[in-house]
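Engineer: See upload22.tsv below, with TSV, C-alpha atoms.
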```tsv
chain	number	residue	atom	x	y	z
A	1	MET	CA	45.60	159.89	85.63
A	2	VAL	CA	47.38	158.25	88.54
A	3	MET	CA	50.56	159.98	87.39
A	4	PHE	CA	48.81	163.35	87.13
A	5	GLY	CA	47.37	162.95	90.62
A	6	PHE	CA	50.90	162.46	91.87
A	7	PHE	CA	51.95	165.84	90.45
A	8	THR	CA	48.93	167.65	91.92
A	9	GLN	CA	49.66	166.49	95.47
A	10	SER	CA	50.70	169.46	97.59
A	11	VAL	CA	53.58	167.58	99.21
A	12	TRP	CA	55.47	164.35	98.65
A	13	SER	CA	57.35	162.39	101.25
A	14	PRO	CA	60.51	164.41	101.99
A	15	TYR	CA	62.46	161.17	101.46
A	16	LEU	CA	61.16	160.88	97.89
A	17	ALA	CA	61.66	164.57	97.02
A	18	GLY	CA	65.11	164.41	98.65
A	19	ALA	CA	66.12	161.34	96.65
A	20	GLY	CA	65.11	163.25	93.50
A	21	ILE	CA	67.31	166.17	94.55
A	22	GLY	CA	70.20	163.72	95.12
A	23	ILE	CA	69.84	162.40	91.55
A	24	LEU	CA	69.53	165.95	90.20
A	25	SER	CA	72.73	167.00	92.00
A	26	CYS	CA	74.58	164.10	90.36
A	27	LEU	CA	73.16	164.98	86.93
A	28	ALA	CA	74.35	168.57	87.44
A	29	LEU	CA	77.89	167.34	88.15
A	30	MET	CA	77.69	165.28	84.95
A	31	VAL	CA	76.23	167.70	82.42
A	32	ALA	CA	77.46	171.02	83.82
A	33	ASP	CA	80.60	169.79	85.60
A	34	ARG	CA	79.52	171.99	88.52
A	35	PRO	CA	77.95	171.46	91.94
A	36	LEU	CA	74.25	172.37	92.12
A	37	GLY	CA	74.45	175.59	94.11
A	38	CYS	CA	72.27	178.67	94.31
A	39	SER	CA	74.31	181.52	95.78
A	40	THR	CA	76.65	181.95	92.78
A	41	ALA	CA	73.67	183.13	90.71
A	42	PHE	CA	73.15	186.06	93.07
A	43	VAL	CA	76.79	187.16	92.62
A	44	LYS	CA	76.38	186.97	88.85
A	45	ALA	CA	73.11	188.89	88.94
A	46	ARG	CA	74.63	191.54	91.24
A	47	GLY	CA	77.63	191.84	88.89
A	48	LEU	CA	75.32	192.27	85.89
A	49	ILE	CA	73.45	195.05	87.74
A	50	GLY	CA	76.82	196.61	88.65
A	51	LYS	CA	77.85	196.55	84.99
A	52	ILE	CA	74.81	198.70	84.19
A	53	ILE	CA	75.05	201.20	87.05
A	54	ASN	CA	78.86	201.48	87.33
A	55	PRO	CA	80.61	199.53	84.54
A	56	GLU	CA	84.17	200.79	85.13
A	57	LYS	CA	84.21	199.91	88.82
A	58	THR	CA	82.49	196.53	88.30
A	59	GLU	CA	84.91	195.46	85.56
A	60	LYS	CA	87.85	196.06	87.91
A	61	MET	CA	86.49	194.24	90.98
A	62	ALA	CA	88.52	191.13	91.81
A	63	TYR	CA	85.53	189.01	92.86
A	64	TYR	CA	83.92	189.36	89.45
A	65	GLN	CA	87.11	188.03	87.84
A	66	ASP	CA	86.59	184.81	89.82
A	67	ILE	CA	82.81	184.66	89.40
A	68	VAL	CA	82.12	186.17	86.00
A	69	PRO	CA	78.81	188.06	85.81
A	70	LYS	CA	77.08	186.45	82.86
A	71	VAL	CA	73.98	184.47	82.01
A	72	ASP	CA	75.10	180.84	82.13
A	73	TRP	CA	74.22	177.48	83.76
A	74	ALA	CA	74.74	178.72	87.32
A	75	PHE	CA	72.76	181.92	86.67
A	76	MET	CA	69.76	180.10	85.15
A	77	ILE	CA	69.25	177.94	88.27
A	78	ILE	CA	67.42	180.75	90.09
A	79	PRO	CA	64.84	181.65	87.39
A	80	GLY	CA	64.45	177.88	86.95
A	81	ILE	CA	63.68	177.33	90.65
A	82	ILE	CA	61.09	180.14	90.60
A	83	ILE	CA	59.37	178.57	87.56
A	84	GLY	CA	59.57	175.02	88.96
A	85	ALA	CA	58.12	175.97	92.34
A	86	PHE	CA	55.45	178.07	90.58
A	87	LEU	CA	54.41	175.12	88.39
A	88	SER	CA	54.35	172.76	91.36
A	89	SER	CA	52.31	175.10	93.57
A	90	VAL	CA	49.85	175.99	90.80
A	91	LEU	CA	49.34	172.29	89.99
A	92	SER	CA	48.59	171.53	93.63
A	93	GLY	CA	46.54	174.71	94.17
A	94	THR	CA	48.85	175.99	96.91
A	95	PHE	CA	49.98	179.19	95.12
A	96	HIS	CA	49.05	182.20	97.29
A	97	LEU	CA	50.38	185.74	97.33
A	98	ILE	CA	51.44	186.44	100.93
A	99	TRP	CA	53.53	189.06	102.70
A	100	VAL	CA	53.65	187.52	106.19
A	101	PRO	CA	54.15	183.78	106.80
A	102	ALA	CA	51.74	182.25	109.35
A	103	LEU	CA	54.36	181.38	111.99
A	104	TRP	CA	55.88	184.88	111.82
A	105	GLY	CA	52.41	186.47	112.02
A	106	SER	CA	51.40	184.42	115.06
A	107	VAL	CA	54.29	185.84	117.09
A	108	PHE	CA	55.28	189.18	115.52
A	109	GLY	CA	51.94	190.28	114.03
A	110	ASP	CA	50.69	190.85	110.50
A	111	ASP	CA	52.64	194.02	109.73
A	112	ALA	CA	54.14	193.45	106.27
A	113	VAL	CA	56.67	196.27	106.70
A	114	LEU	CA	58.23	194.70	109.81
A	115	ARG	CA	58.38	191.30	108.10
A	116	VAL	CA	60.02	192.72	104.96
A	117	ILE	CA	62.60	194.70	106.97
A	118	VAL	CA	63.64	191.57	108.91
A	119	ALA	CA	63.59	189.47	105.73
A	120	LEU	CA	65.79	192.05	104.00
A	121	ALA	CA	68.27	192.00	106.90
A	122	GLY	CA	68.23	188.20	106.77
A	123	GLY	CA	68.72	188.21	103.01
A	124	ILE	CA	71.75	190.51	103.29
A	125	LEU	CA	73.37	188.26	105.94
A	126	LEU	CA	72.49	185.17	103.89
A	127	GLY	CA	74.01	186.54	100.67
A	128	PHE	CA	77.09	187.83	102.49
A	129	GLY	CA	77.53	184.65	104.57
A	130	ALA	CA	77.03	182.30	101.61
A	131	ARG	CA	79.83	183.97	99.70
A	132	TRP	CA	82.04	184.12	102.82
A	133	ALA	CA	81.56	180.36	103.27
A	134	GLY	CA	81.85	179.67	99.54
A	135	GLY	CA	78.42	178.11	99.04
A	136	CYS	CA	74.94	177.53	100.38
A	137	THR	CA	72.69	174.80	101.76
A	138	SER	CA	72.58	173.02	98.40
A	139	GLY	CA	76.11	173.74	97.12
A	140	HIS	CA	77.86	172.82	100.39
A	141	GLY	CA	75.12	170.96	102.25
A	142	ILE	CA	74.12	168.58	99.46
A	143	SER	CA	76.59	168.65	96.53
A	144	GLY	CA	79.64	169.12	98.74
A	145	SER	CA	78.62	166.41	101.18
A	146	ILE	CA	77.94	164.01	98.30
A	147	GLN	CA	81.58	164.48	97.29
A	148	LEU	CA	82.75	163.85	100.87
A	149	SER	CA	84.10	167.39	101.11
A	150	LEU	CA	85.34	168.16	104.63
A	151	ALA	CA	84.87	171.93	104.16
A	152	SER	CA	81.28	171.43	102.97
A	153	MET	CA	80.29	169.21	105.88
A	154	ILE	CA	81.77	171.65	108.41
A	155	THR	CA	80.06	174.57	106.68
A	156	ALA	CA	76.67	172.81	106.61
A	157	ALA	CA	76.96	172.04	110.34
A	158	PHE	CA	77.58	175.74	111.08
A	159	PHE	CA	74.70	176.85	108.82
A	160	PHE	CA	72.41	174.90	111.12
A	161	ALA	CA	74.25	175.78	114.35
A	162	GLY	CA	73.93	179.50	113.57
A	163	GLY	CA	70.41	179.08	112.22
A	164	ILE	CA	69.14	177.16	115.24
A	165	ALA	CA	70.73	179.63	117.69
A	166	VAL	CA	69.24	182.71	116.00
A	167	ALA	CA	65.81	181.09	115.41
A	168	LEU	CA	65.60	180.13	119.11
A	169	LEU	CA	66.66	183.65	120.10
A	170	LEU	CA	64.02	185.12	117.78
A	171	TYR	CA	61.10	182.91	118.77
A	172	ARG	CA	61.89	181.68	122.26
A	173	VAL	CA	63.48	184.85	123.72
A	174	ILE	CA	62.50	187.97	121.72
A	175	GLY	CA	59.11	186.57	120.64
A	176	VAL	CA	58.20	185.72	124.24
A	177	ALA	CA	59.39	189.08	125.63
A	178	ILE	CA	57.36	191.33	123.32
A	179	PRO	CA	53.84	192.20	124.52
B	1	MET	CA	81.97	160.79	76.76
B	2	THR	CA	82.89	163.10	73.91
B	3	SER	CA	79.23	164.11	73.78
B	4	LEU	CA	79.34	164.95	77.49
B	5	ALA	CA	82.33	167.22	76.84
B	6	ALA	CA	80.46	168.83	73.93
B	7	ILE	CA	77.44	169.55	76.16
B	8	ARG	CA	79.68	171.04	78.85
B	9	GLN	CA	81.38	173.31	76.31
B	10	SER	CA	78.27	174.56	74.54
B	11	SER	CA	77.25	177.79	76.25
B	12	ARG	CA	73.79	177.65	74.70
B	13	ALA	CA	73.21	174.07	75.90
B	14	GLN	CA	74.42	175.08	79.37
B	15	ILE	CA	71.89	177.94	79.60
B	16	VAL	CA	69.03	175.59	78.64
B	17	LEU	CA	70.28	172.84	80.98
B	18	GLY	CA	70.66	175.33	83.84
B	19	LEU	CA	67.05	176.40	83.38
B	20	ILE	CA	65.80	172.79	83.22
B	21	THR	CA	67.88	171.83	86.28
B	22	GLY	CA	66.47	174.82	88.15
B	23	ILE	CA	62.89	173.95	87.18
B	24	CYS	CA	63.32	170.36	88.43
B	25	PHE	CA	65.01	171.64	91.60
B	26	GLY	CA	62.24	174.17	92.30
B	27	PHE	CA	59.57	171.55	91.65
B	28	LEU	CA	61.22	169.06	94.04
B	29	LEU	CA	61.87	171.68	96.73
B	30	ASN	CA	58.19	172.66	96.64
B	31	LYS	CA	56.97	169.05	96.69
B	32	GLY	CA	59.40	168.37	99.54
B	33	GLY	CA	57.80	171.18	101.57
B	34	ALA	CA	61.00	173.23	101.70
B	35	THR	CA	59.70	176.37	99.97
B	36	ASP	CA	57.51	177.16	102.98
B	37	TYR	CA	58.76	179.59	105.66
B	38	ASN	CA	56.89	177.69	108.38
B	39	VAL	CA	58.57	174.38	107.53
B	40	ILE	CA	62.09	175.88	107.40
B	41	GLU	CA	61.75	178.02	110.52
B	42	ASN	CA	60.23	175.11	112.45
B	43	GLN	CA	63.24	173.02	111.40
B	44	LEU	CA	65.52	175.65	112.94
B	45	LEU	CA	63.28	175.67	116.03
B	46	LEU	CA	63.65	171.85	116.06
B	47	THR	CA	59.90	171.22	115.91
B	48	ASP	CA	59.65	169.97	112.29
B	49	PHE	CA	62.36	167.79	110.73
B	50	THR	CA	61.21	167.91	107.08
B	51	VAL	CA	64.22	169.93	105.88
B	52	ILE	CA	66.77	167.57	107.46
B	53	LYS	CA	64.90	164.54	106.06
B	54	LEU	CA	64.92	166.11	102.60
B	55	MET	CA	68.61	167.06	102.74
B	56	LEU	CA	69.83	163.78	104.19
B	57	SER	CA	67.84	161.77	101.60
B	58	ALA	CA	69.48	163.81	98.86
B	59	VAL	CA	72.93	163.22	100.36
B	60	ILE	CA	72.27	159.49	100.95
B	61	VAL	CA	71.34	158.97	97.28
B	62	GLY	CA	73.97	161.29	95.83
B	63	MET	CA	76.80	159.95	97.98
B	64	ALA	CA	76.13	156.44	96.66
B	65	VAL	CA	75.91	157.55	93.02
B	66	PHE	CA	78.75	160.09	92.84
B	67	PRO	CA	81.72	157.71	93.37
B	68	VAL	CA	80.41	155.50	90.55
B	69	LEU	CA	80.14	158.49	88.19
B	70	LYS	CA	83.60	159.64	89.21
B	71	HIS	CA	85.10	156.17	88.77
B	72	TYR	CA	83.80	155.90	85.20
B	73	GLY	CA	84.88	159.44	84.33
B	74	TYR	CA	81.40	160.97	84.11
B	75	ALA	CA	81.99	163.44	86.96
B	76	ASN	CA	84.91	165.29	88.53
B	77	LEU	CA	85.58	166.15	92.17
B	78	HIS	CA	84.62	169.77	92.92
B	79	ALA	CA	85.65	170.06	96.54
B	80	ALA	CA	87.56	173.16	97.62
B	81	HIS	CA	90.29	173.21	100.23
B	82	GLY	CA	88.48	174.99	103.06
B	83	ALA	CA	89.58	176.97	106.09
B	84	LEU	CA	87.90	177.52	109.46
B	85	GLY	CA	88.01	181.28	108.81
B	86	SER	CA	85.83	180.82	105.77
B	87	ASN	CA	83.67	177.82	106.60
B	88	VAL	CA	82.92	178.38	110.30
B	89	ILE	CA	82.50	182.17	110.32
B	90	GLY	CA	80.75	182.23	106.94
B	91	GLY	CA	78.54	179.36	108.09
B	92	LEU	CA	77.50	181.27	111.24
B	93	ILE	CA	76.75	184.52	109.33
B	94	PHE	CA	74.72	182.47	106.84
B	95	GLY	CA	72.92	180.75	109.72
B	96	ALA	CA	71.89	184.09	111.25
B	97	GLY	CA	70.48	185.18	107.88
B	98	PHE	CA	68.84	181.77	107.39
B	99	ALA	CA	66.91	182.18	110.68
B	100	LEU	CA	65.92	185.84	110.13
B	101	LEU	CA	64.80	185.30	106.55
B	102	GLY	CA	63.42	181.78	107.01
B	103	TYR	CA	64.69	180.67	103.61
B	104	CYS	CA	68.08	179.73	102.14
B	105	PRO	CA	69.40	180.93	98.74
B	106	GLY	CA	67.61	178.19	96.77
B	107	THR	CA	64.40	177.97	98.77
B	108	VAL	CA	64.02	181.79	98.75
B	109	ALA	CA	63.61	181.56	94.96
B	110	GLY	CA	61.24	178.61	95.40
B	111	ALA	CA	59.16	180.60	97.89
B	112	VAL	CA	58.91	183.44	95.34
B	113	GLY	CA	57.45	180.88	92.92
B	114	THR	CA	54.75	180.00	95.45
B	115	GLY	CA	53.78	183.68	95.87
B	116	ALA	CA	55.79	184.66	98.98
B	117	LEU	CA	56.38	188.40	98.55
B	118	ASP	CA	58.58	188.64	101.67
B	119	ALA	CA	60.93	186.21	99.87
B	120	LEU	CA	60.97	188.42	96.77
B	121	ILE	CA	61.16	191.95	98.19
B	122	GLY	CA	63.07	191.08	101.36
B	123	GLY	CA	64.95	187.87	100.59
B	124	MET	CA	66.06	188.10	96.98
B	125	VAL	CA	66.82	191.83	97.11
B	126	GLY	CA	68.74	191.27	100.35
B	127	MET	CA	70.75	188.43	98.79
B	128	LEU	CA	71.78	190.72	95.90
B	129	ILE	CA	72.86	193.42	98.38
B	130	GLY	CA	74.73	190.89	100.55
B	131	ALA	CA	76.55	189.39	97.57
B	132	GLY	CA	77.50	192.92	96.44
B	133	ILE	CA	78.87	193.82	99.89
B	134	PHE	CA	80.95	190.63	99.88
B	135	ALA	CA	82.34	191.42	96.41
B	136	GLU	CA	83.31	194.87	97.73
B	137	PHE	CA	85.25	193.46	100.71
B	138	TYR	CA	86.54	190.32	98.96
B	139	PRO	CA	90.15	191.47	98.36
B	140	ALA	CA	90.65	192.37	102.04
B	141	LEU	CA	88.84	189.26	103.35
B	142	ASN	CA	90.68	186.96	100.97
B	143	ALA	CA	94.03	188.37	102.10
B	144	GLY	CA	93.18	187.53	105.72
B	145	ILE	CA	90.31	185.82	107.50
B	146	LEU	CA	89.01	183.64	104.64
B	147	ASN	CA	92.22	181.61	104.59
B	148	ARG	CA	92.80	181.60	108.36
B	149	ALA	CA	93.24	178.10	109.88
B	150	PRO	CA	93.18	175.99	106.69
B	151	LEU	CA	91.64	172.53	106.99
B	152	PRO	CA	94.04	169.57	107.07
B	153	ALA	CA	92.38	167.76	104.15
B	154	VAL	CA	90.01	168.26	101.22
B	155	THR	CA	87.88	165.13	101.69
B	156	ILE	CA	86.83	162.92	104.60
B	157	PRO	CA	88.73	159.82	103.35
B	158	GLU	CA	91.84	161.98	103.01
B	159	LEU	CA	91.42	163.24	106.59
B	160	LEU	CA	90.80	159.82	108.12
B	161	ARG	CA	93.17	158.01	105.73
B	162	THR	CA	90.39	155.57	104.93
B	163	ASN	CA	89.20	153.96	101.75
B	164	THR	CA	86.45	155.91	99.91
B	165	VAL	CA	84.07	152.93	99.81
B	166	VAL	CA	84.44	152.28	103.54
B	167	THR	CA	83.89	155.98	104.30
B	168	VAL	CA	80.77	156.11	102.13
B	169	VAL	CA	79.33	152.95	103.74
B	170	LEU	CA	79.95	154.28	107.26
B	171	LEU	CA	78.50	157.72	106.51
B	172	GLU	CA	75.48	156.19	104.75
B	173	ALA	CA	74.85	153.93	107.75
B	174	GLY	CA	75.12	156.92	110.08
B	175	MET	CA	72.69	159.04	108.05
B	176	ILE	CA	70.15	156.22	107.60
B	177	GLY	CA	70.42	155.42	111.31
B	178	PHE	CA	69.76	159.08	112.17
B	179	LEU	CA	66.66	159.17	109.94
B	180	LEU	CA	65.36	155.94	111.49
B	181	LEU	CA	65.93	157.45	114.93
B	182	LEU	CA	63.92	160.56	113.94
B	183	GLU	CA	61.04	158.36	112.75
B	184	TYR	CA	61.28	156.19	115.86
B	185	ALA	CA	61.09	159.32	118.02
B	186	GLY	CA	58.02	160.41	116.03
B	187	LEU	CA	59.68	163.59	114.73
```
Would you encode the structure as structure tokens?

Structural biologist:
Amino acid sequence: MVMFGFFTQSVWSPYLAGAGIGILSCLALMVADRPLGCSTAFVKARGLIGKIINPEKTEKMAYYQDIVPKVDWAFMIIPGIIIGAFLSSVLSGTFHLIWVPALWGSVFGDDAVLRVIVALAGGILLGFGARWAGGCTSGHGISGSIQLSLASMITAAFFFAGGIAVALLLYRVIGVAIP
Amino acid sequence: MTSLAAIRQSSRAQIVLGLITGICFGFLLNKGGATDYNVIENQLLLTDFTVIKLMLSAVIVGMAVFPVLKHYGYANLHAAHGALGSNVIGGLIFGAGFALLGYCPGTVAGAVGTGALDALIGGMVGMLIGAGIFAEFYPALNAGILNRAPLPAVTIPELLRTNTVVTVVLLEAGMIGFLLLLEYAGL
């Protein structure tokens, strides 16, 4: 019962959850011989969609020769994360369908359309930027740093530099200026 | 070790392991608080340091374990030779998206699992579009900007010409010191 109570807690210490992610990243390097990253899956999924809507063009695209659109280890990470977070949030009773996060709503209002448009723009930049940089917060930030990769540490620093600058602009400049 | 090679080569085992790895990752991200827009955005606004605590703990543990795995042949180095054109510019574009969306590519999927519809309809759809745009422009980008100003080394020990163990110890001390400082400052 003590064990079960642990799993129904809504949050753990970030140090404990983080240590678990560190172990998981090492296990991934062992069993899959790959860094634990998340942005590759989106390329694979996009390639699979491309194969349905325009197979001839997709087959010829150079990027999909490097990152082959198929259902494999890297692809399965994303459905896995959705399931894992779903299980965790249902166990702790924190699962809620929402359109507008509280912090966003407190500054920009509860209009779901505005939130989705900005989220979509952010998603496009995130997907584009992750592939430009060759990885994401977990692939570069965690797995790359674990391996002492210079490129990964530089990339992770600029993820946060760019993120902090734009978040401050959004909330401390634009958010303050709007009526 | 032959069994490890067999697992790596079995495409069916890899699909199952990818799903299990993802489930564990999603579970830990949610328990760590990182599937919540408010937590991530407040990290970028420097008012909540949960995300940095989570990431640095992962790196502190992994950085100590990885060299041991590598030494005994259980893991290989997967570090690419970067370039400022790729890592700095890509990092800044990613950062802008990170702040607008309020999730990163892994936590956006985690947020979907907790019921965040802005993460599903905005974030995940946007990521697919962004990845597609990159694939479209990849040949031109790869011929130019992505390889502009290549980095002088692949790893930190190679750059500093230091021993791996010494580098790991120094970096670990730095990261632990930073976390202690955050706690000391009450952040």

Engineer: Extract, using all atoms listed in the file, all DNA, RNA and protein residues at most 9 Å from Thr50 (chain B), discarding same-chain residues fewer than 6 positions from it, and format them as a VMD selection string.

Structural biologist: (chain A and resid 13 to 15) or (chain B and resid 32 to 34 39 to 40 43 187)

Engineer: Compare B:Ile176, B:Val154, B:Ile52, B:Leu120 by their minimum atom-to-atom distance to chain A, counting all atoms listed in the file, and give me the closest one.

Structural biologist: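 Result for the nearest residue to chain A: B:Val154.
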
Engineer: With all atoms listed in the file as the atoms that count, which of A:Ala32, A:Ala167, A:Val107, A:Ile178 lies nearest to Gly122 (chain A)?

Structural biologist: A:Ala167

Engineer: Any idea what's packed within 8 Å of Ser25 (chain A), counting all atoms listed in the file, ignoring anything in its chain fewer than 2 positions away? Could you give it as a ChimeraX atom specification?

Structural biologist: /A:21-23,27-29,35-36,142-143 /B:62

Engineer: Report as a Markdown table the residues of region 89-170 of chain A within 10 Å of region 155-170 of chain B, each with its shortest atom pair and distance in Å (one decimal), using all atoms listed in the file, ordered by chain and increasing residue number.

Structural biologist:
```
| residue | atom | partner | partner_atom | distance |
| --- | --- | --- | --- | --- |
| A:Gly144 | CA | B:Thr155 | CA | 9.6 |
| A:Ser145 | CA | B:Thr155 | CA | 9.4 |
| A:Ile146 | CA | B:Val168 | CA | 9.2 |
| A:Gln147 | CA | B:Thr155 | CA | 7.7 |
| A:Leu148 | CA | B:Thr155 | CA | 5.4 |
| A:Ser149 | CA | B:Thr155 | CA | 4.4 |
| A:Leu150 | CA | B:Thr155 | CA | 4.9 |
| A:Ala151 | CA | B:Thr155 | CA | 7.8 |
| A:Ser152 | CA | B:Thr155 | CA | 9.2 |
| A:Met153 | CA | B:Ile156 | CA | 9.2 |
```

Engineer: If we count all atoms listed in the file, what is near region 37-52 of chain A at a cut-off of 6 Å, once residues fewer than 6 positions away on the same chain are taken out, given as a list in words?

Structural biologist: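 The contact residues come out as Thr58, Pro69, Ala74, Phe75, Ser138 and Gly139 of chain A; Pro105, Gly106, Leu128 and Ala131 of chain B.
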
Engineer: Using all atoms listed in the file, which residue out of A:Ala62, A:Ile98, A:Ile81, A:Gly135 lies closest to Asp110 (chain A)?

Structural biologist: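 Checking each of A:Ala62, A:Ile98, A:Ile81, A:Gly135 against Asp110 (chain A), counting all atoms listed in the file, the winner is A:Ile98.
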
Engineer: Which residue, B:Asn38, B:Leu28, B:Arg12, B:Lys70, has the smallest gap to Ser106 (chain A) when you use only C-alpha atoms?

Structural biologist: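 Nearest candidate to Ser106 (chain A) out of B:Asn38, B:Leu28, B:Arg12, B:Lys70: B:Asn38.
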
Engineer: Taking only C-alpha atoms into account, which of B:Thr47, B:Ser57, B:Thr35, B:Ser11 comes nearest Lys70 (chain A)?

Structural biologist: B:Ser11

Engineer: Could you check which of B:Leu179, B:Val108, B:Leu117, B:Ala5 is closest to chain A, using all atoms listed in the file?

Structural biologist: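 Ranked by minimum distance to chain A, first place goes to B:Leu117.
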
Engineer: Between CA of Ala85 (chain A) and CA of Leu101 (chain B), what is the distance in Å, rounded to a tenth?

Structural biologist: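 Spanning CA of Ala85 (chain A) to CA of Leu101 (chain B) is a straight-line distance of 18.3 Å.
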
Engineer: In Å to one decimal, how far is CA of Arg8 (chain B) from CA of Ala75 (chain B)?

Structural biologist: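 Pair CA of Ala75 (chain B) / CA of Arg8 (chain B) returns 11.4 Å.
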
Engineer: Between CA of Gly80 (chain A) and CA of Asn87 (chain B), measure the distance and give it in Å to one decimal.

Structural biologist: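 CA of Asn87 (chain B) lies at a distance of 27.5 Å from CA of Gly80 (chain A).
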
Engineer: Counting all atoms listed in the file, write as a PyMOL selection string all protein and nucleic acid residues lying at most 8 Å from (63.6, 187.9, 98.4) in the file's frame.

Structural biologist: (chain A and resi 119-120+123) or (chain B and resi 108-109+112+117-127)

Engineer: Env of Ser88 (chain A): 10 Å cut, atoms = all atoms listed in the file, seq-sep filter 2 positions within chain, self excluded. Answer as a list in words.

Structural biologist: Phe7, Thr8, Gln9, Ser10, Val11, Ile83, Gly84, Ala85, Phe86, Val90, Leu91, Ser92, Gly93, Thr94 and Phe95 of chain A; Ile23, Cys24, Gly26, Phe27, Leu28, Leu29, Asn30, Lys31, Gly110, Gly113 and Thr114 of chain B

Engineer: Would you kindly return, as a list in words, each protein, DNA or RNA residue with an atom no farther than 7 Å from any atom of Pro150 (chain B), considering only C-alpha atoms and excluding same-chain residues fewer than 4 positions away?

Structural biologist: Gly82, Ala83 and Leu84 of chain B
